[in-house]
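One file, coords_0.txt, is given below (compact mmCIF, C-alpha atoms).
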```
# COMPACT_ATOMS: atom_id res chain seq x y z
CA MET G 528 -39.27 68.95 -112.51
CA GLU G 529 -36.01 66.99 -112.59
CA ASN G 530 -34.31 69.27 -115.09
CA THR G 531 -35.10 72.40 -113.05
CA GLU G 532 -33.16 70.90 -110.21
CA GLN G 533 -30.08 70.47 -112.37
CA LYS G 534 -29.82 73.86 -114.10
CA ASP G 535 -31.28 77.38 -114.20
CA VAL G 536 -34.81 77.90 -115.33
CA THR G 537 -35.38 79.36 -118.77
CA PRO G 538 -38.63 81.24 -119.45
CA GLU G 539 -40.01 78.13 -121.20
CA GLU G 540 -39.08 75.86 -118.30
CA LEU G 541 -40.55 78.32 -115.87
CA GLU G 542 -43.80 78.34 -117.84
CA LYS G 543 -43.82 74.54 -117.85
CA ARG G 544 -43.13 74.41 -114.13
CA LEU G 545 -45.97 76.87 -113.41
CA ASP G 546 -48.27 74.76 -115.60
CA GLU G 547 -47.31 71.77 -113.46
CA ILE G 548 -48.14 73.66 -110.29
CA PHE G 549 -51.37 75.34 -111.36
CA GLY G 550 -52.67 73.39 -114.32
CA GLY G 551 -52.49 69.87 -113.00
CA GLU G 552 -56.15 69.02 -112.54
CA ASP G 553 -57.71 66.46 -114.87
CA SER G 554 -60.61 67.37 -117.08
CA GLU G 555 -63.13 65.42 -114.99
CA THR G 556 -62.21 67.29 -111.83
CA ARG G 557 -62.27 70.57 -113.72
CA ALA G 558 -65.70 69.81 -115.19
CA SER G 559 -67.01 68.89 -111.78
CA GLU G 560 -65.55 72.05 -110.24
CA GLU G 561 -67.09 74.14 -112.98
CA ARG G 562 -70.49 72.54 -112.37
CA ASN G 563 -70.25 73.23 -108.65
CA GLN G 564 -68.92 76.71 -109.22
CA SER G 565 -71.92 77.57 -111.35
CA LEU G 566 -74.19 75.99 -108.75
CA LEU G 567 -72.74 78.21 -106.02
CA SER G 568 -71.72 81.27 -108.02
CA ASN G 569 -74.88 83.21 -107.06
CA MET G 570 -74.47 82.21 -103.46
CA ASP G 571 -70.79 83.29 -103.47
CA SER G 572 -71.77 86.74 -104.70
CA LEU G 573 -74.57 86.97 -102.14
CA MET G 574 -72.23 86.05 -99.29
CA LEU G 575 -69.89 88.85 -100.36
CA THR G 576 -72.84 91.24 -100.51
CA LEU G 577 -73.96 90.24 -97.01
CA ASP G 578 -70.49 90.97 -95.75
CA TRP G 579 -71.06 94.49 -97.01
CA GLU G 580 -74.75 95.16 -96.51
CA ILE G 581 -77.60 93.63 -94.50
CA SER G 582 -80.97 94.80 -95.78
CA ASP G 583 -84.39 93.32 -96.53
CA GLU G 584 -83.39 93.06 -100.16
CA THR G 585 -80.06 91.28 -99.61
CA MET G 586 -81.51 88.94 -96.98
CA GLY G 587 -84.49 88.20 -99.23
CA SER G 588 -82.16 87.27 -102.11
CA PHE G 589 -80.07 85.16 -99.76
CA LEU G 590 -83.08 83.22 -98.45
CA SER G 591 -84.49 82.68 -101.91
CA GLU G 592 -81.09 81.35 -103.12
CA VAL G 593 -80.96 79.00 -100.12
CA ALA G 594 -84.47 77.78 -100.99
CA SER G 595 -83.44 77.19 -104.59
CA LEU G 596 -80.32 75.25 -103.51
CA LYS G 597 -82.44 73.23 -101.09
CA SER G 598 -84.63 72.13 -103.93
CA SER G 599 -81.62 71.33 -106.21
CA LEU G 600 -79.83 69.39 -103.47
CA SER G 601 -82.83 67.81 -101.78
CA GLN G 602 -81.50 64.30 -102.49
CA ASP G 603 -78.42 64.90 -100.37
CA ARG G 604 -79.53 64.95 -96.73
CA LEU G 605 -76.18 66.16 -95.46
CA LEU G 606 -76.06 69.18 -97.76
CA ALA G 607 -79.74 69.87 -97.08
CA SER G 608 -78.92 70.03 -93.36
CA PHE G 609 -76.25 72.67 -93.97
CA LEU G 610 -78.84 74.63 -95.94
CA LYS G 611 -81.35 74.35 -93.09
CA ILE G 612 -78.85 75.99 -90.73
CA LEU G 613 -78.15 78.73 -93.27
CA GLN G 614 -81.88 79.30 -93.75
CA SER G 615 -82.51 79.51 -90.05
CA LEU G 616 -79.63 81.94 -89.48
CA GLY G 617 -80.73 83.96 -92.50
CA LYS G 618 -84.27 84.31 -91.16
CA TYR G 619 -82.95 85.34 -87.77
CA ILE G 620 -80.64 88.00 -89.27
CA GLN G 621 -83.44 89.22 -91.55
CA LYS G 622 -85.70 89.68 -88.53
CA ARG G 623 -83.17 91.26 -86.16
CA LYS G 624 -80.94 93.16 -88.62
CA GLY G 625 -78.82 95.64 -86.59
CA GLN G 626 -79.77 93.88 -83.36
CA THR G 627 -78.51 90.52 -84.55
CA HIS G 628 -76.16 88.72 -82.18
CA PRO G 629 -72.68 89.46 -83.63
CA GLU G 630 -71.73 85.77 -83.63
CA ALA G 631 -74.58 85.03 -86.03
CA PHE G 632 -72.70 86.69 -88.92
CA THR G 633 -69.50 84.78 -88.20
CA LEU G 634 -71.45 81.54 -87.93
CA LEU G 635 -73.28 82.23 -91.20
CA GLN G 636 -69.93 82.72 -92.97
CA SER G 637 -68.35 79.64 -91.44
CA VAL G 638 -71.37 77.38 -92.10
CA TYR G 639 -71.39 78.55 -95.71
CA ALA G 640 -67.63 77.88 -96.01
CA ASP G 641 -68.18 74.32 -94.72
CA PHE G 642 -71.19 73.81 -97.00
CA LYS G 643 -69.15 75.01 -99.99
CA ASN G 644 -66.35 72.67 -99.04
CA ALA G 645 -68.77 69.78 -98.78
CA VAL G 646 -70.25 70.60 -102.20
CA GLU G 647 -67.04 71.30 -104.08
CA SER G 648 -64.44 69.01 -102.59
CA GLU G 649 -65.10 65.55 -103.83
CA GLU G 650 -61.90 64.42 -102.13
CA ILE G 651 -63.35 65.03 -98.66
CA PRO G 652 -64.72 61.73 -97.34
CA ALA G 653 -68.39 61.60 -96.31
CA LYS G 654 -67.37 61.02 -92.69
CA GLN G 655 -65.38 64.27 -92.61
CA LYS G 656 -68.28 66.16 -94.20
CA LYS G 657 -70.57 64.78 -91.49
CA GLU G 658 -68.11 65.94 -88.82
CA LEU G 659 -68.17 69.43 -90.33
CA LEU G 660 -71.95 69.41 -90.19
CA LEU G 661 -72.02 68.18 -86.59
CA LYS G 662 -69.62 70.92 -85.53
CA ASP G 663 -71.79 73.52 -87.24
CA ILE G 664 -74.92 72.16 -85.56
CA GLU G 665 -73.09 72.36 -82.24
CA LYS G 666 -72.10 75.98 -82.89
CA TYR G 667 -75.63 76.78 -84.02
CA ASN G 668 -77.09 75.31 -80.82
CA ALA G 669 -74.55 77.20 -78.72
CA LEU G 670 -75.58 80.44 -80.39
CA LYS G 671 -79.25 79.61 -79.83
CA SER G 672 -78.55 79.08 -76.12
CA LYS G 673 -76.68 82.38 -75.90
CA ILE G 674 -79.57 84.21 -77.50
CA SER G 675 -82.19 82.57 -75.32
CA GLU G 676 -80.08 83.12 -72.19
CA ALA G 677 -79.88 86.79 -73.07
CA LYS G 678 -83.66 86.85 -73.50
CA SER G 679 -84.36 85.04 -70.23
CA GLY G 680 -81.89 87.32 -68.47
CA ARG G 681 -84.16 90.16 -69.45
CA LYS G 682 -87.25 88.41 -68.14
CA ASN G 683 -85.73 87.26 -64.83
CA GLU G 684 -85.81 90.57 -63.09
CA PRO G 685 -86.76 90.34 -59.34
CA GLU G 686 -90.47 90.31 -58.67
CA GLY G 687 -92.05 93.34 -57.05
CA THR G 688 -89.75 95.72 -58.82
CA SER G 689 -91.55 98.22 -60.90
CA ALA G 690 -90.54 98.94 -64.44
CA ASN G 691 -89.42 102.39 -63.38
CA ASP G 692 -87.12 101.50 -60.52
CA SER G 693 -85.68 98.50 -62.30
CA GLY G 694 -84.13 100.75 -64.89
CA PRO G 695 -80.95 102.75 -64.81
CA GLU G 696 -79.05 101.29 -61.81
CA ARG G 697 -79.55 97.66 -62.67
CA GLN G 698 -79.09 98.34 -66.29
CA GLN G 699 -75.86 100.15 -65.51
CA ALA G 700 -74.70 97.28 -63.31
CA SER G 701 -75.47 94.79 -66.00
CA GLU G 702 -73.69 96.90 -68.57
CA THR G 703 -70.67 97.25 -66.33
CA THR G 704 -70.40 93.51 -65.86
CA GLY G 705 -70.71 92.95 -69.57
CA THR G 706 -68.24 95.68 -70.37
CA ASP G 707 -65.74 94.33 -67.85
CA LYS G 708 -65.88 90.96 -69.53
CA VAL G 709 -65.42 92.57 -72.89
CA GLU G 710 -62.50 94.62 -71.63
CA ALA G 711 -60.83 91.61 -70.05
CA SER G 712 -61.09 89.64 -73.24
CA GLN G 713 -59.99 92.75 -75.14
CA GLU G 714 -56.73 92.78 -73.21
CA ASP G 715 -56.14 89.10 -73.92
CA GLU G 716 -56.92 89.53 -77.55
CA SER G 717 -54.76 92.66 -77.87
CA ALA G 718 -51.82 90.75 -76.44
CA ALA G 719 -52.46 87.84 -78.78
CA LYS G 720 -52.76 90.14 -81.80
CA SER G 721 -49.55 91.97 -80.89
CA GLN G 722 -47.80 88.63 -80.74
CA GLU G 723 -49.36 87.74 -84.07
CA ALA G 724 -48.01 90.95 -85.53
CA GLU G 725 -44.53 90.07 -84.30
CA HIS G 726 -44.73 86.61 -85.85
CA ALA G 727 -46.10 88.20 -88.98
CA GLU G 728 -43.11 90.53 -89.19
CA ALA G 729 -40.73 87.59 -88.96
CA GLU G 730 -42.55 85.79 -91.76
CA LEU G 731 -43.07 88.89 -93.87
CA ASN G 732 -39.48 89.98 -93.91
CA PRO G 733 -37.04 87.17 -93.49
CA GLN G 734 -34.27 89.75 -93.95
CA SER G 735 -35.37 91.35 -90.72
CA GLU G 736 -33.39 88.89 -88.66
CA HIS G 737 -30.48 91.19 -89.51
CA LEU G 738 -32.39 94.23 -88.28
CA PRO G 739 -33.37 95.23 -84.75
CA ALA G 740 -37.03 94.35 -85.18
CA LEU G 741 -38.42 96.49 -82.41
CA ALA G 742 -36.63 99.54 -83.68
CA ASP G 743 -38.32 99.20 -87.02
CA LYS G 744 -40.60 102.18 -87.44
CA SER G 745 -42.93 100.41 -89.85
CA LEU G 746 -43.44 97.49 -87.50
CA ILE G 747 -44.19 99.74 -84.56
CA GLU G 748 -46.65 101.72 -86.64
CA ALA G 749 -48.28 98.52 -87.85
CA ILE G 750 -48.67 97.20 -84.32
CA GLU G 751 -50.16 100.52 -83.20
CA GLU G 752 -52.51 100.36 -86.16
CA LEU G 753 -53.49 96.84 -85.26
CA LYS G 754 -54.17 97.84 -81.66
CA GLU G 755 -56.36 100.68 -82.88
CA VAL G 756 -58.31 98.28 -85.08
CA ILE G 757 -58.85 95.93 -82.15
CA ARG G 758 -59.96 98.84 -79.96
CA ASP G 759 -62.38 99.88 -82.71
CA GLU G 760 -63.82 96.43 -82.98
CA PHE G 761 -64.39 96.21 -79.26
CA ARG G 762 -65.86 99.70 -79.17
CA LYS G 763 -68.41 98.54 -81.73
CA LEU G 764 -69.08 95.37 -79.77
CA ARG G 765 -69.65 97.40 -76.62
CA GLU G 766 -72.08 99.65 -78.49
CA ASP G 767 -73.94 96.59 -79.78
CA PHE G 768 -73.99 95.18 -76.29
CA LYS G 769 -75.35 98.42 -74.83
CA ALA G 770 -77.98 98.67 -77.56
CA GLN G 771 -79.10 95.15 -76.70
CA GLN G 772 -79.27 95.98 -73.02
CA PHE G 773 -81.37 99.06 -73.68
CA GLU G 774 -83.68 97.07 -75.87
CA LYS G 775 -84.17 94.57 -73.07
CA MET T 1399 -33.67 92.76 -104.81
CA ALA T 1400 -34.80 89.29 -103.79
CA PHE T 1401 -33.62 87.98 -100.45
CA ILE T 1402 -30.89 85.35 -100.68
CA ASP T 1403 -30.50 82.79 -97.93
CA PHE T 1404 -26.92 81.67 -98.52
CA LYS T 1405 -27.13 78.96 -95.88
CA LYS T 1406 -30.11 77.26 -97.51
CA LYS T 1407 -28.99 78.29 -101.02
CA GLU T 1408 -32.46 79.73 -101.45
CA LEU T 1409 -33.66 82.79 -103.32
CA GLN T 1410 -36.87 84.23 -101.92
CA VAL T 1411 -39.00 86.18 -104.35
CA LYS T 1412 -41.65 88.43 -102.87
CA ILE T 1413 -44.71 89.21 -104.96
CA VAL T 1414 -47.35 91.50 -103.48
CA TYR T 1415 -51.00 91.81 -104.52
CA TYR T 1416 -51.92 95.45 -103.92
CA GLY T 1417 -55.14 97.38 -104.53
CA PRO T 1418 -58.25 98.91 -103.01
CA SER T 1419 -60.28 97.31 -100.28
CA ARG T 1420 -62.64 94.55 -101.45
CA GLY T 1421 -61.02 94.48 -104.87
CA GLY T 1422 -60.36 90.72 -104.81
CA LYS T 1423 -56.71 90.37 -103.73
CA THR T 1424 -57.40 87.60 -101.22
CA THR T 1425 -59.79 85.92 -103.67
CA ASN T 1426 -56.92 85.81 -106.19
CA LEU T 1427 -54.70 84.00 -103.70
CA ASP T 1428 -57.54 81.72 -102.57
CA TYR T 1429 -58.16 80.69 -106.16
CA ALA T 1430 -54.45 80.11 -106.87
CA TYR T 1431 -54.17 78.06 -103.69
CA HIS T 1432 -57.21 76.01 -104.68
CA LYS T 1433 -55.72 75.37 -108.12
CA MET T 1434 -52.31 74.28 -106.86
CA ASP T 1435 -51.36 70.71 -107.54
CA ASN T 1436 -52.10 68.77 -104.35
CA ARG T 1437 -48.64 67.17 -104.37
CA LEU T 1438 -46.99 70.57 -104.33
CA LYS T 1439 -49.47 72.31 -102.07
CA THR T 1440 -48.09 74.41 -99.23
CA ASP T 1441 -49.96 76.18 -96.44
CA MET T 1442 -51.66 79.48 -97.03
CA VAL T 1443 -51.64 81.85 -94.08
CA SER T 1444 -54.47 84.34 -93.66
CA ILE T 1445 -55.09 86.70 -90.77
CA LYS T 1446 -58.62 88.04 -90.94
CA THR T 1447 -61.10 90.06 -88.89
CA HIS T 1448 -64.34 88.45 -87.73
CA GLY T 1449 -65.97 90.03 -90.79
CA ASP T 1450 -63.57 87.99 -92.93
CA ARG T 1451 -61.53 91.01 -94.06
CA THR T 1452 -57.76 90.78 -94.34
CA LEU T 1453 -56.38 92.15 -91.07
CA PHE T 1454 -52.67 91.84 -91.63
CA PHE T 1455 -51.85 89.93 -94.81
CA ASP T 1456 -52.30 86.66 -96.68
CA PHE T 1457 -49.24 84.58 -97.46
CA LEU T 1458 -48.78 81.75 -99.93
CA PRO T 1459 -45.26 80.33 -100.50
CA PHE T 1460 -44.18 77.69 -103.05
CA ASP T 1461 -41.00 76.48 -104.79
CA ILE T 1462 -40.52 76.65 -108.55
CA GLY T 1463 -37.03 75.34 -109.40
CA LYS T 1464 -33.51 76.73 -109.54
CA ILE T 1465 -31.91 79.94 -110.72
CA MET T 1466 -28.14 80.54 -110.68
CA GLY T 1467 -27.84 77.41 -108.55
CA TYR T 1468 -30.28 78.64 -105.93
CA ASP T 1469 -33.70 77.21 -105.08
CA LEU T 1470 -36.39 79.67 -106.05
CA LYS T 1471 -39.10 80.24 -103.51
CA ILE T 1472 -42.06 82.37 -104.57
CA MET T 1473 -43.84 84.14 -101.73
CA LEU T 1474 -47.20 85.69 -102.53
CA TYR T 1475 -48.60 88.34 -100.21
CA THR T 1476 -51.69 90.50 -100.16
CA VAL T 1477 -52.06 93.74 -98.28
CA PRO T 1478 -55.15 94.88 -96.38
CA GLY T 1479 -56.87 97.30 -98.74
CA GLN T 1480 -58.68 99.47 -96.21
CA VAL T 1481 -57.27 102.99 -96.07
CA LYS T 1482 -56.62 102.90 -92.32
CA TYR T 1483 -54.14 100.02 -92.55
CA ASN T 1484 -51.40 101.95 -94.32
CA ALA T 1485 -48.59 101.09 -91.91
CA THR T 1486 -49.31 97.41 -92.51
CA ARG T 1487 -49.31 97.90 -96.27
CA LYS T 1488 -45.96 99.67 -96.06
CA LEU T 1489 -44.54 96.84 -94.02
CA VAL T 1490 -45.72 94.19 -96.46
CA LEU T 1491 -44.18 96.14 -99.35
CA ARG T 1492 -40.70 96.02 -97.85
CA GLY T 1493 -38.40 93.98 -100.05
CA VAL T 1494 -41.03 93.58 -102.79
CA ASP T 1495 -39.78 92.05 -106.07
CA GLY T 1496 -42.98 92.10 -108.13
CA LEU T 1497 -46.44 93.63 -107.90
CA VAL T 1498 -49.94 92.80 -109.05
CA PHE T 1499 -52.29 95.75 -108.77
CA VAL T 1500 -55.82 94.38 -108.42
CA ALA T 1501 -58.23 97.12 -109.46
CA ASP T 1502 -61.99 96.92 -108.97
CA ALA T 1503 -63.76 97.21 -112.32
CA MET T 1504 -67.03 98.39 -110.75
CA GLU T 1505 -67.93 101.89 -111.87
CA ILE T 1506 -68.69 103.02 -108.31
CA ARG T 1507 -65.20 101.99 -107.18
CA ARG T 1508 -63.32 104.07 -109.75
CA ASP T 1509 -61.93 106.61 -107.29
CA TYR T 1510 -60.81 103.90 -104.87
CA ASN T 1511 -58.57 102.44 -107.59
CA THR T 1512 -56.78 105.70 -108.26
CA GLN T 1513 -56.44 106.45 -104.55
CA SER T 1514 -54.94 103.03 -103.95
CA LEU T 1515 -52.50 103.42 -106.83
CA GLU T 1516 -51.41 106.80 -105.48
CA ASN T 1517 -50.96 105.20 -102.09
CA LEU T 1518 -48.79 102.53 -103.72
CA TYR T 1519 -46.60 105.22 -105.33
CA ASP T 1520 -46.23 106.98 -101.96
CA ASN T 1521 -45.38 103.82 -100.07
CA LEU T 1522 -42.83 102.66 -102.66
CA LYS T 1523 -41.23 106.09 -102.57
CA GLU T 1524 -40.51 105.59 -98.87
CA TYR T 1525 -38.42 102.55 -99.79
CA ASN T 1526 -36.80 104.44 -102.67
CA ILE T 1527 -38.34 102.05 -105.16
CA ASP T 1528 -39.21 103.34 -108.60
CA ILE T 1529 -42.38 101.59 -109.74
CA ASN T 1530 -41.12 101.79 -113.33
CA ASN T 1531 -38.26 99.47 -112.43
CA LEU T 1532 -40.48 96.93 -110.72
CA PRO T 1533 -42.23 94.07 -112.54
CA LEU T 1534 -45.93 94.98 -112.42
CA ILE T 1535 -49.19 93.52 -113.70
CA MET T 1536 -52.52 95.35 -113.74
CA GLN T 1537 -55.52 93.16 -113.09
CA TYR T 1538 -59.03 94.58 -113.61
CA ASN T 1539 -61.17 92.35 -111.48
CA LYS T 1540 -64.87 91.50 -111.11
CA ILE T 1541 -65.79 91.34 -114.80
CA ASP T 1542 -68.31 88.61 -113.86
CA LEU T 1543 -70.51 91.27 -112.27
CA SER T 1544 -71.63 92.50 -115.67
CA ASP T 1545 -73.84 89.37 -115.81
CA GLN T 1546 -75.76 90.78 -112.86
CA GLY T 1547 -76.26 94.12 -114.55
CA ILE T 1548 -73.74 95.93 -112.33
CA PRO T 1549 -72.15 98.84 -114.25
CA LEU T 1550 -68.47 98.21 -114.90
CA LEU T 1551 -65.68 100.44 -116.19
CA SER T 1552 -64.43 99.61 -119.67
CA LYS T 1553 -60.90 98.32 -120.13
CA GLU T 1554 -60.06 101.57 -121.96
CA THR T 1555 -61.20 103.67 -118.99
CA LEU T 1556 -59.28 101.50 -116.53
CA GLU T 1557 -56.17 101.62 -118.69
CA SER T 1558 -56.45 105.38 -119.02
CA ASP T 1559 -57.01 105.86 -115.26
CA LEU T 1560 -54.34 103.51 -114.02
CA ASN T 1561 -52.02 102.31 -116.71
CA SER T 1562 -51.49 105.12 -119.21
CA GLU T 1563 -48.04 105.95 -117.86
CA LEU T 1564 -47.01 102.60 -116.48
CA GLN T 1565 -47.94 100.60 -119.58
CA ALA T 1566 -47.85 97.37 -117.57
CA PRO T 1567 -49.29 94.13 -118.96
CA SER T 1568 -52.96 93.95 -117.97
CA PHE T 1569 -55.73 91.38 -117.58
CA MET T 1570 -59.50 91.63 -117.26
CA ALA T 1571 -60.31 89.05 -114.60
CA SER T 1572 -62.82 87.46 -112.31
CA ALA T 1573 -61.04 86.25 -109.20
CA LEU T 1574 -64.25 84.68 -107.94
CA GLN T 1575 -64.69 82.54 -111.04
CA GLY T 1576 -60.98 82.19 -111.71
CA ASP T 1577 -60.88 83.95 -115.08
CA ASN T 1578 -57.32 85.14 -115.75
CA VAL T 1579 -56.22 84.57 -112.16
CA ILE T 1580 -53.59 81.98 -113.06
CA PRO T 1581 -52.43 83.83 -116.22
CA THR T 1582 -51.92 86.95 -114.06
CA LEU T 1583 -49.92 84.94 -111.56
CA LYS T 1584 -47.83 83.17 -114.18
CA LYS T 1585 -47.05 86.44 -115.90
CA ILE T 1586 -45.92 88.24 -112.75
CA ILE T 1587 -43.78 85.27 -111.66
CA SER T 1588 -42.20 85.09 -115.08
CA LEU T 1589 -41.47 88.83 -115.23
CA THR T 1590 -40.14 88.92 -111.67
CA VAL T 1591 -37.91 85.86 -111.97
CA MET T 1592 -36.42 87.04 -115.26
CA ASN T 1593 -35.85 90.49 -113.75
CA ILE T 1594 -34.03 88.97 -110.78
CA LYS T 1595 -31.97 86.77 -113.09
CA LYS T 1596 -30.97 89.85 -115.07
CA ASP T 1597 -29.96 91.63 -111.85
CA LEU T 1598 -27.93 88.67 -110.66
CA GLN T 1599 -26.05 88.47 -113.95
```
Can you present the structure in this file as structure tokens?
Amino acid sequence: MENTEQKDVTPEELEKRLDEIFGGEDSETRASEERNQSLLSNMDSLMLTLDWEISDETMGSFLSEVASLKSSLSQDRLLASFLKILQSLGKYIQKRKGQTHPEAFTLLQSVYADFKNAVESEEIPAKQKKELLLKDIEKYNALKSKISEAKSGRKNEPEGTSANDSGPERQQASETTGTDKVEASQEDESAAKSQEAEHAEAELNPQSEHLPALADKSLIEAIEELKEVIRDEFRKLREDFKAQQFEK
Amino acid sequence: MAFIDFKKKELQVKIVYYGPSRGGKTTNLDYAYHKMDNRLKTDMVSIKTHGDRTLFFDFLPFDIGKIMGYDLKIMLYTVPGQVKYNATRKLVLRGVDGLVFVADAMEIRRDYNTQSLENLYDNLKEYNIDINNLPLIMQYNKIDLSDQGIPLLSKETLESDLNSELQAPSFMASALQGDNVIPTLKKIISLTVMNIKKDLQ
């Protein structure tokens, strides 16, 4: 590294420098990573598949892979606990499919990311792994409460109201309240994302400090595109929300 | 041409990973980040949707030495692959010094590769950049899927679809398992830095 600071890099020095940056792990670490990679390689592929498609087949494969990992890692209580959460979420998604609470997918991804970290990163101390698990349990419980609150909300309709007259008006009112909340948070999120896009522009194109950023056509188009994406996402959320309301 | 920060005496080299949606661009950067020596590790920035798709870009910067007396800073970016994010892709391409085109080797994704390459041509044209003058690597990703019986395109087919005119160096790769991820990265850095050095001289 010293010599590169004194003179220009030659192709050989560049190669050496890149080896230093990307080839620095010792053989033991590499062997351990390879072991863990092969342990989780099926699961990695399944997680990508779930991102793309939720069906009986994909959920079945996911649950059977979780079961197989549970048996391989049964000695490690901490890892087994991560797997229990994944199994429980998997069963819920398998049962509810399109009606699944949207946060369940995000939670599934984040619990798996933490589990993978706990399996692969030997540098993470046990205490930190436990903290990750506790956070995931907390998130899992929060999701459970949200789902059961939604269910009890359905059941707690005023007594003496017939099924027929309880319908459209109340349902509409409930939808409106939900939609309002969604729209309010949509505005907040849109503003945050627009800000993000502005920060992104600064980081993407350091040269742009010499350009009038707001006049940049590409940036404006990108922000518009981003807004449209956010609108789309919320439109889908609203549809999910309505579908859930109707189901109730 | 790379951006030069005269105040910091720093040369910023922008390398962009381009390609169709779900082709493995972010996975390439994730793997490279994971493999970086801990002492030299920098932060990787990712902006994703709740479905874990790249919303704006991924960004991984690191230093690699000096050239013509300037500190060389490599900045790796990915673009969002989904068709609807074209304005973002265009924006990320601005000031690009080197490109890795990450194609999806799955048979069913063949058309997406060619569409994405055409989109790359169009977007570069808007910046008056001739792709033939830009350091470029072709990476044919997801070769690990053949183990699961998923039909893949042969290297010959991929080369004929995407690389017959460009004749760029190419790698068969598995970003998920790390096969040829680092060789791809080393090659594009090497080509780009030497190209910049030639321009500066």
Q. Hey, what's within 6 Å of T:Pro1418 if we count only C-alpha atoms and toss same-chain stuff fewer than 6 positions away? As a ChimeraX atom specification, please?
A. /T:1479,1510-1511,1514
Q. Near stretch 610-612 of chain G, counting only C-alpha atoms, which residues have an atom at most 10 Å away, once you skip same-chain residues fewer than 6 positions from it, shown as a ChimeraX atom specification?
A. /G:590,593-594,596-597,600-601,604,618,634-635,638-639,642,660,663-664,667
Q.
Which residue is closest to T:Val1579? Choose from T:Leu1458, T:Val1500, T:Ile1529, T:Met1473 and count all atoms listed in the file.
A. T:Val1500
Give as a PDB file with C-alpha atoms, keeping the file's coordinate frame each residue that has an atom at most 8 Å from (-59.6, 91.0, -117.3) in the file, counting only C-alpha atoms.
```pdb
ATOM      1  CA  GLN T1537     -55.520  93.160-113.090  1.00  0.00           C
ATOM      2  CA  TYR T1538     -59.030  94.580-113.610  1.00  0.00           C
ATOM      3  CA  ASN T1539     -61.170  92.350-111.480  1.00  0.00           C
ATOM      4  CA  ILE T1541     -65.790  91.340-114.800  1.00  0.00           C
ATOM      5  CA  LYS T1553     -60.900  98.320-120.130  1.00  0.00           C
ATOM      6  CA  SER T1568     -52.960  93.950-117.970  1.00  0.00           C
ATOM      7  CA  PHE T1569     -55.730  91.380-117.580  1.00  0.00           C
ATOM      8  CA  MET T1570     -59.500  91.630-117.260  1.00  0.00           C
ATOM      9  CA  ALA T1571     -60.310  89.050-114.600  1.00  0.00           C
ATOM     10  CA  SER T1572     -62.820  87.460-112.310  1.00  0.00           C
ATOM     11  CA  ASP T1577     -60.880  83.950-115.080  1.00  0.00           C
ATOM     12  CA  ASN T1578     -57.320  85.140-115.750  1.00  0.00           C
TER      13      ASN T1578
END
```
Q) Counting all atoms listed in the file, which residues of chain T come no farther than 7 Å from chain G, as a PyMOL selection string? A) chain T and resi 1401+1433-1435+1438+1448-1449+1462-1467+1483+1485-1486+1488-1490+1584+1588
Q) Any idea what the distance is between atom CA of G:Glu766 and atom CA of G:Lys624? A)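 Here the two named atoms are 14.9 Å from each other.
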Q) So how far away is atom CA of T:Leu1409 from atom CA of T:Tyr1468, in Å? A)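 Atom CA of T:Leu1409 lies 6.0 Å from atom CA of T:Tyr1468.
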Just the residues within 7 Å of stretch 1589-1595 of chain T, please, counting only C-alpha atoms, with nothing from its chain fewer than 4 positions along; format it as a PDB file with C-alpha atoms, in the coordinates of the input.
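Written out: result19.pdb:
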```pdb
ATOM      1  CA  ASP T1495     -39.780  92.050-106.070  1.00  0.00           C
ATOM      2  CA  GLY T1496     -42.980  92.100-108.130  1.00  0.00           C
ATOM      3  CA  PRO T1533     -42.230  94.070-112.540  1.00  0.00           C
ATOM      4  CA  LYS T1585     -47.050  86.440-115.900  1.00  0.00           C
ATOM      5  CA  GLN T1599     -26.050  88.470-113.950  1.00  0.00           C
TER       6      GLN T1599
END
```
